[in-house]
$ cat upload-v9.cif   # mmCIF, C-alpha atoms
data_structure
loop_
_atom_site.label_atom_id
_atom_site.label_comp_id
_atom_site.auth_asym_id
_atom_site.auth_seq_id
_atom_site.Cartn_x
_atom_site.Cartn_y
_atom_site.Cartn_z
CA MET Q 1 35.33 178.94 41.79
CA LYS Q 2 34.43 179.57 45.44
CA THR Q 3 36.46 177.61 47.97
CA SER Q 4 34.62 175.52 50.52
CA LEU Q 5 34.98 173.74 53.83
CA LEU Q 6 33.73 170.24 54.55
CA GLN Q 7 29.95 170.35 55.05
CA LEU Q 8 28.46 168.76 58.17
CA PHE Q 9 24.76 167.88 58.51
CA ALA Q 10 23.48 166.90 61.96
CA ILE Q 11 20.48 164.71 62.83
CA ASN Q 12 19.97 165.26 66.55
CA ASP Q 13 16.83 165.75 68.61
CA GLN Q 14 18.44 167.51 71.55
CA GLU Q 15 21.17 169.97 70.55
CA ASP Q 16 23.19 171.55 67.79
CA PRO Q 17 26.49 169.76 67.04
CA ASP Q 18 29.25 170.97 69.35
CA ILE Q 19 32.39 170.47 67.29
CA GLY Q 20 34.56 173.35 68.46
CA SER Q 21 36.17 173.96 65.05
CA ASP Q 22 35.93 176.72 62.45
CA LEU Q 23 37.21 174.41 59.71
CA LEU Q 24 33.83 172.76 59.08
CA ASP Q 25 30.59 174.34 57.85
CA ILE Q 26 27.40 173.22 59.58
CA VAL Q 27 24.50 172.78 57.15
CA GLU Q 28 21.47 174.85 58.14
CA VAL Q 29 17.92 173.71 57.31
CA PRO Q 30 14.38 175.09 57.79
CA ASP Q 31 12.85 174.17 61.14
CA GLY Q 32 9.56 173.00 59.60
CA GLU Q 33 7.42 174.93 62.07
CA ALA Q 34 6.50 177.91 59.87
CA LYS Q 35 9.10 180.06 61.59
CA PRO Q 36 11.53 182.28 59.66
CA GLY Q 37 15.17 181.38 59.60
CA LYS Q 38 17.02 178.10 59.78
CA MET Q 39 18.59 175.85 62.37
CA LYS Q 40 21.77 173.82 62.56
CA ARG Q 41 20.19 170.36 62.73
CA MET Q 42 17.24 168.18 61.79
CA LYS Q 43 15.58 167.62 65.16
CA HIS Q 44 12.17 165.96 64.84
CA TRP Q 45 9.86 163.85 62.68
CA LEU Q 46 7.60 166.62 61.29
CA GLN Q 47 10.61 168.75 60.38
CA HIS Q 48 11.85 165.78 58.35
CA VAL Q 49 8.45 165.53 56.64
CA HIS Q 50 8.61 169.27 55.83
CA LEU Q 51 12.14 169.05 54.42
CA LEU Q 52 11.17 166.21 52.09
CA GLY Q 53 7.86 167.78 51.10
CA SER Q 54 9.46 171.14 50.31
CA GLN Q 55 12.21 169.36 48.35
CA ALA Q 56 14.86 171.26 50.27
CA ARG Q 57 18.30 170.70 48.78
CA ILE Q 58 20.58 169.29 51.47
CA THR Q 59 24.10 168.23 50.55
CA PHE Q 60 26.86 167.27 52.93
CA ASP Q 61 30.21 165.55 53.31
CA LEU Q 62 29.79 164.47 56.93
CA LEU Q 63 26.50 163.21 58.41
CA PHE Q 64 26.17 163.21 62.20
CA ILE Q 65 23.55 160.78 63.50
CA ASP Q 66 22.24 160.69 67.06
CA ILE Q 67 20.67 157.22 67.18
CA ARG Q 68 17.94 157.81 69.78
CA PHE Q 69 15.22 160.48 69.51
CA MET Q 70 13.44 160.95 72.85
CA ARG Q 71 10.81 163.12 74.49
CA PRO Q 72 10.52 165.98 75.28
CA TYR Q 73 12.90 166.91 72.42
CA GLU Q 74 10.99 164.80 69.90
CA ALA Q 75 7.51 166.05 70.66
CA TYR Q 76 5.57 164.82 67.64
CA ALA Q 77 6.47 161.28 66.63
CA PRO Q 78 4.36 158.35 67.86
CA LYS Q 79 5.94 156.45 70.71
CA TYR Q 80 8.20 153.53 69.83
CA GLY Q 81 7.81 150.45 72.00
CA MET Q 82 7.47 150.54 75.76
CA GLY Q 83 10.48 152.64 76.75
CA GLU Q 84 12.62 155.52 75.54
CA ASP Q 85 15.17 153.40 73.67
CA ASN Q 86 14.60 153.66 69.94
CA PRO Q 87 16.53 153.82 66.64
CA MET Q 88 14.62 156.78 65.14
CA GLY Q 89 17.83 158.69 64.35
CA LEU Q 90 18.92 155.86 62.04
CA LEU Q 91 15.60 155.95 60.19
CA HIS Q 92 15.86 159.73 59.76
CA ALA Q 93 19.43 159.38 58.45
CA LEU Q 94 18.47 156.70 55.94
CA THR Q 95 16.40 159.13 53.87
CA PHE Q 96 19.09 161.81 53.63
CA ALA Q 97 21.86 159.31 52.97
CA ALA Q 98 19.87 157.62 50.20
CA ARG Q 99 19.26 160.97 48.50
CA GLN Q 100 22.99 161.65 48.21
CA ASP Q 101 24.35 160.66 44.80
CA PRO Q 102 26.93 157.87 45.35
CA SER Q 103 28.56 158.73 42.01
CA ARG Q 104 29.47 162.21 43.22
CA GLU Q 105 31.65 163.44 46.08
CA PRO Q 106 32.70 160.99 48.79
CA LEU Q 107 30.75 161.22 52.03
CA VAL Q 108 30.93 159.59 55.43
CA TRP Q 109 28.63 159.46 58.40
CA GLY Q 110 29.14 158.87 62.07
CA TYR Q 111 26.83 157.62 64.78
CA HIS Q 112 26.74 158.50 68.43
CA SER Q 113 24.51 157.60 71.34
CA ALA Q 114 24.60 157.93 75.09
CA GLU Q 115 23.98 154.18 75.32
CA PRO Q 116 24.44 152.30 72.00
CA LEU Q 117 24.13 148.95 73.79
CA LYS Q 118 20.45 149.70 74.44
CA VAL Q 119 19.59 149.64 70.73
CA CYS Q 120 22.14 147.19 69.31
CA ASN Q 121 19.64 144.29 69.37
CA ASP Q 122 16.66 146.28 68.08
CA PRO Q 123 15.50 144.74 64.76
CA VAL Q 124 14.73 148.14 63.18
CA ALA Q 125 18.11 149.50 64.33
CA ILE Q 126 19.95 146.53 62.81
CA ILE Q 127 18.16 146.79 59.46
CA ALA Q 128 18.46 150.60 59.23
CA PHE Q 129 22.14 150.52 60.22
CA SER Q 130 22.89 147.77 57.67
CA LEU Q 131 21.30 149.86 54.88
CA LEU Q 132 23.24 152.95 55.93
CA ALA Q 133 26.47 150.95 56.09
CA ALA Q 134 25.85 149.59 52.59
CA LEU Q 135 25.04 153.04 51.18
CA GLU Q 136 28.27 154.41 52.62
CA GLN Q 137 30.14 151.19 51.80
CA ARG Q 138 31.35 151.57 55.35
CA GLY Q 139 34.82 150.26 55.90
CA ALA Q 140 35.67 149.93 52.18
CA ALA Q 141 38.57 152.35 52.64
CA GLY Q 142 39.92 150.31 55.57
CA ASP Q 143 38.90 153.00 58.06
CA ILE Q 144 36.65 151.08 60.50
CA VAL Q 145 38.22 148.95 63.24
CA ILE Q 146 36.37 146.97 65.92
CA ASP Q 147 38.43 145.28 68.64
CA ASP Q 148 41.60 145.92 66.59
CA THR Q 149 40.08 144.10 63.60
CA PRO Q 150 39.10 145.88 60.35
CA TRP Q 151 35.30 145.91 59.86
CA LYS Q 152 33.55 146.18 56.50
CA TRP Q 153 29.85 146.38 55.73
CA ASP Q 154 29.82 143.11 53.71
CA ASP Q 155 32.26 141.08 55.81
CA PHE Q 156 29.53 138.67 56.87
CA GLY Q 157 29.55 137.13 53.38
CA ILE Q 158 25.95 137.32 52.21
CA ASN Q 159 26.45 134.46 49.75
CA LYS Q 160 28.13 132.10 52.24
CA TYR Q 161 27.09 133.14 55.74
CA PRO Q 162 23.81 135.11 55.62
CA LYS Q 163 22.88 133.95 59.12
CA ARG Q 164 25.84 135.94 60.46
CA ALA Q 165 24.42 139.24 59.19
CA ILE Q 166 22.35 140.05 62.30
CA GLU Q 167 25.30 139.49 64.62
CA HIS Q 168 27.62 141.38 62.24
CA PHE Q 169 25.61 144.60 62.28
CA SER Q 170 24.48 144.30 65.90
CA THR Q 171 28.12 144.09 67.00
CA ALA Q 172 28.97 147.18 64.96
CA ILE Q 173 26.15 149.17 66.62
CA ALA Q 174 27.35 148.07 70.06
CA HIS Q 175 30.83 149.44 69.28
CA LEU Q 176 29.66 152.85 68.06
CA PRO Q 177 31.14 155.82 69.97
CA GLN Q 178 29.38 156.68 73.22
CA GLY Q 179 28.65 160.37 73.79
CA ASP Q 180 27.76 163.40 71.68
CA ALA Q 181 29.08 164.94 68.45
CA GLU Q 182 32.39 166.02 69.97
CA VAL Q 183 33.45 162.38 70.36
CA ILE Q 184 33.12 161.52 66.66
CA TRP Q 185 33.77 164.55 64.46
CA LYS Q 186 37.56 164.17 64.35
CA ASP Q 187 37.28 160.50 63.46
CA MET Q 188 34.83 161.40 60.68
CA VAL Q 189 37.20 163.95 59.13
CA PHE Q 190 39.99 161.35 59.28
CA ARG Q 191 37.72 158.82 57.56
CA TYR Q 192 36.62 161.36 54.93
CA ARG Q 193 40.28 162.05 54.12
CA ASN Q 194 40.95 158.32 53.72
CA LYS Q 195 37.85 157.89 51.59
CA LEU Q 196 38.90 160.72 49.27
CA ALA Q 197 42.25 158.98 48.79
CA HIS Q 198 40.33 155.74 48.13
CA TYR Q 199 38.21 157.53 45.49
CA VAL Q 200 41.33 158.87 43.78
CA LYS Q 201 42.92 155.41 43.76
CA LYS Q 202 39.77 153.88 42.22
CA GLY Q 203 39.44 156.65 39.61
CA LEU Q 204 36.17 157.92 41.10
CA ALA Q 205 37.62 161.36 41.86
CA PHE Q 206 40.51 163.40 40.52
CA ILE Q 207 42.62 166.00 42.32
CA GLU Q 208 44.50 168.53 40.21
CA TYR Q 209 48.06 167.25 40.17
CA ASP Q 210 49.57 170.74 40.28
CA ASP Q 211 47.69 171.37 43.55
CA LEU Q 212 49.03 168.13 45.04
CA GLU Q 213 52.56 168.69 43.79
CA GLY Q 214 52.63 172.27 45.07
CA ALA Q 215 51.42 171.23 48.52
CA TYR Q 216 53.88 168.32 48.67
CA GLN Q 217 56.86 170.47 47.73
CA LEU Q 218 55.96 173.05 50.39
CA ALA Q 219 55.54 170.29 52.99
CA CYS Q 220 58.98 168.92 52.09
CA GLU Q 221 60.50 172.41 52.25
CA ASN Q 222 58.98 172.88 55.74
CA THR Q 223 60.18 176.46 56.29
CA GLU Q 224 58.10 179.10 58.03
CA ALA Q 225 57.37 180.74 54.68
CA ALA Q 226 56.38 177.39 53.18
CA ARG Q 227 54.08 176.59 56.13
CA LYS Q 228 52.34 179.96 55.75
CA ARG Q 229 51.68 179.21 52.09
CA LEU Q 230 50.42 175.72 52.97
CA ALA Q 231 47.84 177.25 55.30
CA LYS Q 232 46.29 179.09 52.34
CA LEU Q 233 46.25 176.23 49.82
CA THR Q 234 43.21 174.61 48.24
CA LEU Q 235 42.67 171.39 46.28
CA GLU Q 236 40.54 171.33 43.13
CA ILE Q 237 38.64 168.03 43.06
CA SER Q 238 36.43 166.71 40.26
CA GLY Q 239 34.51 163.60 39.26
CA LYS Q 240 33.85 161.54 36.15
CA SER Q 241 32.32 163.14 33.07
CA GLU Q 242 28.94 161.41 33.25
CA HIS Q 243 28.56 162.49 36.87
CA SER Q 244 30.45 165.75 36.50
CA TRP Q 245 31.14 167.69 39.66
CA ARG Q 246 33.88 170.03 40.74
CA ARG Q 247 34.78 171.75 44.00
CA VAL Q 248 37.67 173.64 45.52
CA LEU Q 249 38.28 172.43 49.07
CA GLN Q 250 40.45 174.24 51.60
CA LEU Q 251 43.36 172.02 52.55
CA GLN Q 252 43.02 172.98 56.21
CA SER Q 253 39.43 171.70 56.26
CA LEU Q 254 40.58 168.31 54.98
CA PHE Q 255 42.86 168.14 58.04
CA ALA Q 256 40.44 169.71 60.53
CA ASP Q 257 40.92 166.76 62.90
CA GLN Q 258 44.63 167.58 63.08
CA LEU Q 259 44.41 171.38 63.18
CA GLU Q 260 41.04 171.92 64.96
CA TYR Q 261 41.09 175.69 64.25
CA ARG Q 262 42.09 177.83 61.28
CA GLN Q 263 45.85 178.42 61.28
CA GLU Q 264 47.91 181.26 59.83
CA SER Q 265 50.79 178.84 59.41
CA TRP Q 266 50.68 175.04 59.13
CA PRO Q 267 51.91 173.68 62.50
CA GLU Q 268 55.37 172.19 62.20
CA ASP Q 269 54.41 169.15 64.27
CA LYS Q 270 51.59 168.35 61.77
CA ILE Q 271 53.76 168.45 58.65
CA GLU Q 272 54.61 164.74 58.58
CA VAL Q 273 50.94 163.68 58.62
CA LEU Q 274 50.24 166.05 55.72
CA LYS Q 275 53.29 164.92 53.76
CA GLU Q 276 52.48 161.22 54.15
CA TYR Q 277 48.93 161.77 52.92
CA LEU Q 278 50.03 163.82 49.92
CA MET Q 279 52.55 161.11 49.00
CA VAL Q 280 49.78 158.49 48.95
CA VAL Q 281 47.41 160.60 46.86
CA ARG Q 282 50.18 161.72 44.46
CA ALA Q 283 51.02 158.07 43.79
CA SER Q 284 47.43 157.49 42.62
CA SER Q 285 47.14 160.72 40.64
CA ILE Q 286 48.08 161.62 37.11
CA SER Q 287 51.55 163.15 37.00
CA ASP Q 288 52.55 163.48 33.34
CA PRO Q 289 51.74 166.72 31.49
CA PRO Q 290 49.27 166.68 28.53
CA GLU Q 291 51.99 166.55 25.88
CA VAL Q 292 53.40 163.30 27.31
CA TRP Q 293 49.96 161.65 27.33
CA ALA Q 294 49.31 162.97 23.81
CA GLU Q 295 52.45 161.24 22.55
CA LYS Q 296 51.35 157.98 24.20
CA VAL Q 297 48.04 158.27 22.38
CA ALA Q 298 49.74 159.15 19.09
CA ALA Q 299 51.86 155.99 19.41
CA ILE Q 300 48.76 153.78 19.23
CA MET Q 301 46.83 155.83 16.65
CA THR Q 302 48.40 153.95 13.75
CA GLY Q 303 45.27 153.16 11.77
CA THR Q 304 46.41 149.56 11.25
CA GLU Q 305 43.08 148.32 12.65
CA THR Q 306 44.84 146.01 15.11
CA ALA Q 307 43.97 145.93 18.82
CA VAL Q 308 46.00 148.96 19.91
CA LEU Q 309 45.48 148.66 23.69
CA ASN Q 310 46.99 145.18 24.03
CA GLY Q 311 49.99 145.07 26.33
CA ILE Q 312 49.59 148.53 27.90
CA ARG Q 313 50.32 148.37 31.62
CA PRO Q 314 49.49 149.23 34.34
CA LYS Q 315 45.73 148.97 33.97
CA GLY Q 316 45.20 152.58 35.09
CA ASN Q 317 47.39 153.83 32.24
CA LYS Q 318 45.60 151.57 29.78
CA ASN Q 319 42.25 153.00 30.84
CA ARG Q 320 43.44 156.58 30.51
CA ILE Q 321 45.10 156.04 27.14
CA GLY Q 322 42.02 154.23 25.85
CA ALA Q 323 39.70 157.09 26.93
CA MET Q 324 42.09 159.68 25.48
CA ALA Q 325 42.25 157.79 22.19
CA ILE Q 326 38.46 158.05 21.89
CA VAL Q 327 38.54 161.81 22.45
CA CYS Q 328 41.55 162.40 20.20
CA TRP Q 329 40.15 160.31 17.34
CA TRP Q 330 36.86 162.23 17.56
CA LEU Q 331 38.70 165.57 17.57
CA LYS Q 332 40.64 164.51 14.45
CA GLN Q 333 37.36 163.84 12.66
CA LYS Q 334 36.00 167.21 13.77
CA SER Q 335 39.12 168.99 12.56
CA HIS Q 336 38.42 167.53 9.10
CA HIS Q 337 34.82 168.83 9.38
CA LYS Q 338 33.37 165.33 9.20
CA SER Q 339 29.77 164.76 10.23
CA ASN Q 340 27.86 161.64 11.24
CA ILE Q 341 30.81 160.29 13.22
CA MET Q 342 29.99 156.69 14.18
CA ALA Q 343 31.16 154.60 17.12
CA SER Q 344 31.67 151.68 14.74
CA GLN Q 345 34.21 153.73 12.78
CA LEU Q 346 36.17 154.42 15.94
CA LEU Q 347 36.18 150.77 17.02
CA ARG Q 348 37.36 149.69 13.57
CA PHE Q 349 40.18 152.25 13.66
CA LEU Q 350 41.35 151.06 17.08
CA GLY Q 351 41.15 147.40 16.05
CA TYR Q 352 38.09 146.40 18.06
CA GLU Q 353 35.43 146.08 15.38
CA GLU Q 354 34.51 142.54 16.44
CA ASN Q 355 34.60 143.15 20.20
CA GLY Q 356 34.51 146.70 21.54
CA ARG Q 357 34.49 145.67 25.20
CA PRO Q 358 38.16 146.61 25.92
CA VAL Q 359 37.54 150.14 24.64
CA MET Q 360 34.26 150.40 26.56
CA ASN Q 361 35.99 149.29 29.76
CA CYS Q 362 38.50 152.13 29.40
CA LEU Q 363 35.77 154.66 28.75
CA TYR Q 364 33.72 153.58 31.76
CA ALA Q 365 36.72 153.51 34.11
CA VAL Q 366 37.67 157.11 33.30
CA THR Q 367 34.36 158.84 32.52
CA GLY Q 368 31.58 156.68 33.93
CA TYR Q 369 29.94 156.33 30.50
CA LYS Q 370 28.77 152.83 29.61
CA SER Q 371 27.77 153.70 26.04
CA LEU Q 372 30.30 154.85 23.45
CA GLU Q 373 27.47 156.33 21.36
CA LYS Q 374 26.24 158.42 24.29
CA PHE Q 375 29.75 159.63 25.06
CA LEU Q 376 30.28 160.74 21.44
CA GLU Q 377 26.92 162.50 21.62
CA HIS Q 378 28.07 164.18 24.83
CA LEU Q 379 31.23 165.43 23.10
CA GLU Q 380 29.11 166.81 20.28
CA THR Q 381 26.49 168.61 22.36
CA THR Q 382 27.99 169.63 25.69
CA GLU Q 383 28.57 173.31 26.43
CA THR Q 384 30.82 172.62 29.41
CA PRO Q 385 34.50 171.62 29.65
CA LEU Q 386 35.24 167.91 29.38
CA GLN Q 387 35.69 165.99 32.62
CA PRO Q 388 37.92 164.71 34.10
CA SER Q 389 40.30 167.58 33.46
CA LEU Q 390 42.99 165.25 32.05
CA LEU Q 391 40.81 164.55 28.99
CA TYR Q 392 40.18 168.28 28.61
CA ASP Q 393 43.90 169.15 28.82
CA VAL Q 394 45.01 166.39 26.45
CA GLY Q 395 42.15 167.22 24.08
CA ARG Q 396 43.21 170.88 23.85
CA TYR Q 397 46.83 169.92 23.28
CA TRP Q 398 45.81 167.38 20.61
CA TRP Q 399 43.63 169.90 18.78
CA GLU Q 400 46.33 172.54 18.58
CA ASN Q 401 49.43 170.37 18.07
CA LYS Q 402 48.21 167.18 16.35
CA CYS Q 403 45.24 168.56 14.42
CA ASN Q 404 47.06 171.85 13.79
CA ALA Q 405 43.82 173.73 14.42
CA GLN Q 406 43.04 176.94 16.26
CA ILE Q 407 41.48 176.56 19.70
CA ALA Q 408 38.91 179.24 18.79
CA HIS Q 409 37.48 176.77 16.26
CA ALA Q 410 37.53 173.79 18.63
CA PRO Q 411 34.43 171.97 19.90
CA LYS Q 412 32.91 173.45 23.05
CA CYS Q 413 34.02 170.52 25.20
CA ILE Q 414 37.68 171.62 25.03
CA GLN Q 415 37.22 175.38 24.90
#

$ encode --input "upload-v9.cif" --output "structure tokens"
Amino acid sequence: MKTSLLQLFAINDQEDPDIGSDLLDIVEVPDGEAKPGKMKRMKHWLQHVHLLGSQARITFDLLFIDIRFMRPYEAYAPKYGMGEDNPMGLLHALTFAARQDPSREPLVWGYHSAEPLKVCNDPVAIIAFSLLAALEQRGAAGDIVIDDTPWKWDDFGINKYPKRAIEHFSTAIAHLPQGDAEVIWKDMVFRYRNKLAHYVKKGLAFIEYDDLEGAYQLACENTEAARKRLAKLTLEISGKSEHSWRRVLQLQSLFADQLEYRQESWPEDKIEVLKEYLMVVRASSISDPPEVWAEKVAAIMTGTETAVLNGIRPKGNKNRIGAMAIVCWWLKQKSHHKSNIMASQLLRFLGYEENGRPVMNCLYAVTGYKSLEKFLEHLETTETPLQPSLLYDVGRYWWENKCNAQIAHAPKCIQ
């Protein structure tokens, strides 16, 4: 799989983003003016119309938003109000942000303006910013601070204090960074890194444990040879089965705010920041090998038709074991060449015939599937490896060592 850098998409009427780093890729898009080639930003209203109308595929990790679009750079849009102060950049961003799939990779966006105070009380700016903040779930990872106080998109308490909403979002706009892209890109990479850790903690994304462990051991070793190897490392990241995605991200790109430029060797004075981050993500990741998880599943697959998940702690382990039990039970049926495998049979076997909610909660937490029937259908029909990779690895081990079957005869989902 091809390795990638973090992808940056800029919405700016005046200039291409000046980030001064070779550790980020700038997304290029058609200019919308019937000219060949592409440009490194979305710069005006009719270009936006063209991009939507042509159904151009635009994906990104970082979204740069210049709040104000002004003449002569924005030459086509109707004039907004009496002066040059307008929130058109926020409206442009709203479309692209809404098209990003929130169930896939994490993404963050940053806002900049020469004078954010001039638009902070604009009604359209407040509404557009609030929608963007909600789409991003801005501040959910604890990464937004205003006047030394953590800020979160829903802090105003819509159920208790809805009248505070206008002030809440207006204040946030007023405290946005003042200047151009160079003043916000490092903060955005930092926030993306925190959000990825947040996704891992919540089970929304998975990082291959061997990649994390290898990077952590090299960071602890901290020799010149180890730092050279660190500079070449990648992380394989994937999502839930129902919203399957996978990418291989260069570790240096994830720390672009620290490194700025591509390094041949990881700087010694940046090792502690790397090590601390890897420790946090390792603590939220899955450490045991497939055979250990398979034995945990085997311990509950007793067939006594009693609620087998009761008492398993912590909750993350319970969710994983419950999802694995579904896969392993299904594989056992397939190894016996059984057809017409029913969800009701599985629930009865696991002791949840009367109330399957505990099993369904486990399945949803790990795979994103809300329907056990649809997940079993997915296992039966998919031509791609099962996601997340833990289910794939445990499934393969179970097939060969518990079902005593050859992997060549296994269902496609674990081949």

$ atom_distance --input "upload-v9.cif" --atom1 "atom CA of Leu386 of chain Q" --atom2 "atom CA of Gly368 of chain Q"
12.7 Å

$ residues_near_point --input "upload-v9.cif" --point "(41.6, 154.0, 33.4)" --cutoff "6 Å" --atoms "all atoms listed in the file" --output "VMD selection string"
chain Q and resid 316 to 320 362 365 to 366

$ resolve_selection --input "upload-v9.cif" --expression "the PyMOL selection byres ((chain Q and resi 215) around 10)" --output "PyMOL selection string"
chain Q and resi 209-214+216-221+226-227+229-231+233-235+251+274-275+278

$ residues_around --input "upload-v9.cif" --residues "Ala165 of chain Q" --least-positions-apart "6" --cutoff "12 Å" --atoms "all atoms listed in the file" --output "PyMOL selection string"
chain Q and resi 123+126-127+129-131+152-159+171-172

$ write_last_selection --input "upload-v9.cif" --atoms "C-alpha atoms" --output "PDB file, keeping the file's coordinate frame"
ATOM      1  CA  PRO Q 123      15.500 144.740  64.760  1.00  0.00           C
ATOM      2  CA  ILE Q 126      19.950 146.530  62.810  1.00  0.00           C
ATOM      3  CA  ILE Q 127      18.160 146.790  59.460  1.00  0.00           C
ATOM      4  CA  PHE Q 129      22.140 150.520  60.220  1.00  0.00           C
ATOM      5  CA  SER Q 130      22.890 147.770  57.670  1.00  0.00           C
ATOM      6  CA  LEU Q 131      21.300 149.860  54.880  1.00  0.00           C
ATOM      7  CA  LYS Q 152      33.550 146.180  56.500  1.00  0.00           C
ATOM      8  CA  TRP Q 153      29.850 146.380  55.730  1.00  0.00           C
ATOM      9  CA  ASP Q 154      29.820 143.110  53.710  1.00  0.00           C
ATOM     10  CA  ASP Q 155      32.260 141.080  55.810  1.00  0.00           C
ATOM     11  CA  PHE Q 156      29.530 138.670  56.870  1.00  0.00           C
ATOM     12  CA  GLY Q 157      29.550 137.130  53.380  1.00  0.00           C
ATOM     13  CA  ILE Q 158      25.950 137.320  52.210  1.00  0.00           C
ATOM     14  CA  ASN Q 159      26.450 134.460  49.750  1.00  0.00           C
ATOM     15  CA  THR Q 171      28.120 144.090  67.000  1.00  0.00           C
ATOM     16  CA  ALA Q 172      28.970 147.180  64.960  1.00  0.00           C
TER      17      ALA Q 172
END

$ atom_distance --input "upload-v9.cif" --atom1 "atom CA of Val189 of chain Q" --atom2 "atom CA of Ser253 of chain Q"
8.6 Å

$ closest_residue --input "upload-v9.cif" --among "Q:Arg138, Q:Ala97, Q:Glu276, Q:Asn194" --to "Pro150 of chain Q" --atoms "all atoms listed in the file"
Q:Arg138

$ residues_near_point --input "upload-v9.cif" --point "(25.9, 147.8, 68.8)" --cutoff "10 Å" --atoms "only C-alpha atoms" --output "ChimeraX atom specification"
/Q:115-122,125-126,129,167-177

$ closest_residue --input "upload-v9.cif" --among "Q:Thr367, Q:Val280, Q:Ile207, Q:Lys232" --to "Gln263 of chain Q" --atoms "only C-alpha atoms"
Q:Lys232

$ resolve_selection --input "upload-v9.cif" --expression "the PyMOL selection byres ((chain Q and resi 290-293) around 7)" --output "number ranges by chain"
Q: 288-289, 294-297, 393-394, 397
